[in-house]
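**Q** What follows is a single structure, and I will ask about it in a moment.
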Amino acid sequence: GLHLAVNNAGVAGKPGLLHETGAENWRHIMGINLAGVAFAMMLEITEMLKAGGGAIVNIASVEAHTILNEFPAYVASKHALIGLTKGTAADYASHRIRINSVSPGVIRTPLTMADGQKEITDRLAMRIPEGRLGEPDEIARAVAFLLSDLSGYTTGADLVVDGGFLLRE
């Protein structure tokens, strides 16, 4: 049976003010970042109930704890994902299903290093107290911890892995 699952879905959408980005952008972002995770969790939880328990980790974002100017749908979707994680964690804890999230900071990925994005990424990196971007394996280790028995008494938590990004001014 299914015992472990990770839901890693995220698109930022069009930058701009809420009234400029439009309903289609809003639906697209919410469809992937929130509804996509919720639908995946519905199936995962159904299988975990049959298997007698499990662990789910949803990938949120540091933007679930702050704002990113001119990305209102993205910010709202990641805030809502934390709410979905906590609410379902409370509902399924008695069924031995632990549900947590990880909120990555700025991570070195093909997306953050792409032409047109790298300059923004480099500017953000200078504002991170650790002075560098995070690496994908650092996020993977946080996810592995939350899926493992090492975090067996942890549910409804959000583990921020951001090099101190949220500590910035």
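Letters A, B, ... go to the chains of the structure tokens in the order shown; residues in each chain start at 1; ligands are counted from 1 in the same order.
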List as a Markdown table every residue of region 87-159 of chain A that is in contact with region 43-48 of chain A, defined as an atom at most 10 Å from one of its atoms (using only C-alpha atoms), together with the nearest atom pair and the distance in Å rounded to one decimal, sorted by chain and then rising number.

**A**
```
| residue | atom | partner | partner_atom | distance |
| --- | --- | --- | --- | --- |
| A:Thr88 | CA | A:Ile45 | CA | 9.7 |
| A:Tyr92 | CA | A:Ile45 | CA | 8.5 |
| A:His95 | CA | A:Met48 | CA | 8.9 |
| A:Arg96 | CA | A:Met48 | CA | 8.8 |
| A:Ile97 | CA | A:Met48 | CA | 7.2 |
| A:Ile99 | CA | A:Ile45 | CA | 9.9 |
```

**Q** Find the residues of region 26-74 of chain A that sit at most 10 Å from region 132-146 of chain A; for each, write down the nearest two atoms and how far apart they are in Å, to one decimal. Count only C-alpha atoms. Sort by chain, then by number going up, and give it as CSV.

**A**
```
residue,atom,partner,partner_atom,distance
A:Ala55,CA,A:Leu146,CA,7.7
A:Ile56,CA,A:Leu146,CA,8.2
A:Val57,CA,A:Val143,CA,6.6
A:Asn58,CA,A:Val143,CA,8.8
A:Ile59,CA,A:Val143,CA,8.7
```

**Q** Could you tell me, as an MDAnalysis selection string, which residues of chain A DSSP assigns to helix (DSSP H, G or I) when given the backbone?

**A** chainID A and resid 18:51 62:64 72:95 118:125 136:147 149:151 165:167

**Q** Give me the residues near Val160 (chain A) as a list in words, where near means some atom within 12 Å (using only C-alpha atoms) and where sequence neighbours in that chain fewer than 4 positions away do not count.

**A**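 Skipping anything fewer than 4 positions along the chain leaves Ile59, Ala60, Ser61, Val62, Glu63, Ala64, His65, Thr66, Ile82, Asn100, Ser101, Val102, Ser103, Pro104, Gly105, Val106, Gly134, Glu138, Ile139, Ala142, Val143, Gly164, Phe165, Leu166 and Leu167 of chain A.
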
**Q** For the residues selected in the previous step, produce a file with N, CA and C atoms as a tab-separated table (two decimals), in the first residue's frame.

**A**
```tsv
chain	number	residue	atom	x	y	z
A	59	ILE	N	4.87	20.65	-0.48
A	59	ILE	CA	5.89	21.68	-0.65
A	59	ILE	C	5.18	23.03	-0.79
A	60	ALA	N	5.42	23.88	0.20
A	60	ALA	CA	4.84	25.22	0.21
A	60	ALA	C	5.90	26.19	-0.31
A	61	SER	N	6.19	27.24	0.43
A	61	SER	CA	7.17	28.24	0.02
A	61	SER	C	7.37	29.21	1.17
A	62	VAL	N	8.53	29.87	1.19
A	62	VAL	CA	8.68	30.94	2.18
A	62	VAL	C	7.62	32.01	1.95
A	63	GLU	N	7.11	32.10	0.74
A	63	GLU	CA	6.05	33.08	0.45
A	63	GLU	C	4.74	32.72	1.13
A	64	ALA	N	4.66	31.56	1.74
A	64	ALA	CA	3.50	31.20	2.57
A	64	ALA	C	3.57	31.91	3.92
A	65	HIS	N	4.70	32.56	4.20
A	65	HIS	CA	4.92	33.23	5.48
A	65	HIS	C	5.15	34.72	5.32
A	66	THR	N	5.17	35.18	4.10
A	66	THR	CA	5.43	36.58	3.82
A	66	THR	C	4.69	36.94	2.54
A	82	ILE	N	-0.64	25.93	3.30
A	82	ILE	CA	-0.32	25.71	4.72
A	82	ILE	C	-1.61	25.43	5.49
A	100	ASN	N	2.54	17.15	6.84
A	100	ASN	CA	3.39	18.30	7.13
A	100	ASN	C	3.72	19.01	5.82
A	101	SER	N	4.41	20.13	5.95
A	101	SER	CA	4.87	20.84	4.76
A	101	SER	C	6.29	21.32	4.96
A	102	VAL	N	6.93	21.61	3.85
A	102	VAL	CA	8.26	22.22	3.82
A	102	VAL	C	8.11	23.51	3.02
A	103	SER	N	8.67	24.59	3.55
A	103	SER	CA	8.65	25.88	2.86
A	103	SER	C	10.07	26.25	2.44
A	104	PRO	N	10.43	25.94	1.19
A	104	PRO	CA	11.77	26.28	0.72
A	104	PRO	C	11.92	27.78	0.50
A	105	GLY	N	13.15	28.23	0.68
A	105	GLY	CA	13.51	29.60	0.31
A	105	GLY	C	13.91	29.61	-1.15
A	106	VAL	N	14.88	30.44	-1.49
A	106	VAL	CA	15.35	30.55	-2.87
A	106	VAL	C	16.35	29.41	-3.10
A	134	GLY	N	19.89	28.06	-1.62
A	134	GLY	CA	19.76	26.69	-1.14
A	134	GLY	C	19.95	25.72	-2.29
A	138	GLU	N	19.12	19.96	-0.06
A	138	GLU	CA	18.80	20.44	1.28
A	138	GLU	C	17.29	20.38	1.53
A	139	ILE	N	16.52	20.61	0.50
A	139	ILE	CA	15.07	20.47	0.61
A	139	ILE	C	14.72	18.99	0.69
A	142	ALA	N	15.09	17.67	4.17
A	142	ALA	CA	14.00	18.09	5.05
A	142	ALA	C	12.76	17.24	4.80
A	143	VAL	N	12.47	16.98	3.53
A	143	VAL	CA	11.32	16.13	3.17
A	143	VAL	C	11.53	14.72	3.70
A	164	GLY	N	17.69	31.52	6.30
A	164	GLY	CA	17.41	32.75	7.04
A	164	GLY	C	16.69	33.81	6.22
A	165	PHE	N	16.20	33.46	5.04
A	165	PHE	CA	15.53	34.40	4.14
A	165	PHE	C	14.43	35.19	4.85
A	166	LEU	N	13.65	34.52	5.68
A	166	LEU	CA	12.55	35.22	6.37
A	166	LEU	C	13.04	36.15	7.47
A	167	LEU	N	14.31	36.07	7.81
A	167	LEU	CA	14.88	36.95	8.83
A	167	LEU	C	15.32	38.28	8.26
```

**Q** Out of region 26-169 of chain A, which residues get strand (DSSP E or B) from DSSP, as a list of chain:residue names?

**A**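 Assigned to strand (DSSP E or B), within region 26-169 of chain A: A:Gly54, A:Ala55, A:Ile56, A:Val57, A:Asn58, A:Ile59, A:Ile97, A:Arg98, A:Ile99, A:Asn100, A:Ser101, A:Val102, A:Ser103, A:Pro104, A:Ile107, A:Gly134, A:Asp158, A:Leu159, A:Val160, A:Val161.
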
**Q** So, with only C-alpha atoms as the atoms that count, which of A:Ile67, A:Leu49, A:Leu111, A:Leu81 lies closest to Ile32 (chain A)?

**A**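 Looking only at the distances to Ile32 (chain A), the closest residue turns out to be A:Leu81.
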
**Q** For Gly83 (chain A), which residue out of A:Ala9, A:Arg27, A:Met126, A:Ala38 is the nearest one, using only C-alpha atoms?

**A**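 The shortest atom-to-atom distance to Gly83 (chain A) comes from A:Ala38.
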
**Q** With distances taken over only C-alpha atoms, which residue among A:Asp162, A:Asp115, A:Asp149, A:Glu70 lies nearest Ile128 (chain A)?

**A**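 Going through A:Asp162, A:Asp115, A:Asp149, A:Glu70 one by one, the smallest distance to Ile128 (chain A) is for A:Asp162.
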
**Q** Tell me, in Å to one decimal, how far CA of Gly156 (chain A) is from CA of Gly31 (chain A).

**A**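 Value for the CA of Gly156 (chain A)-CA of Gly31 (chain A) distance: 22.4 Å.
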
**Q** For Lys78 (chain A), which residue among A:Ala35, A:Glu130, A:Thr154, A:Leu4 is the nearest when counting only C-alpha atoms?

**A** A:Ala35
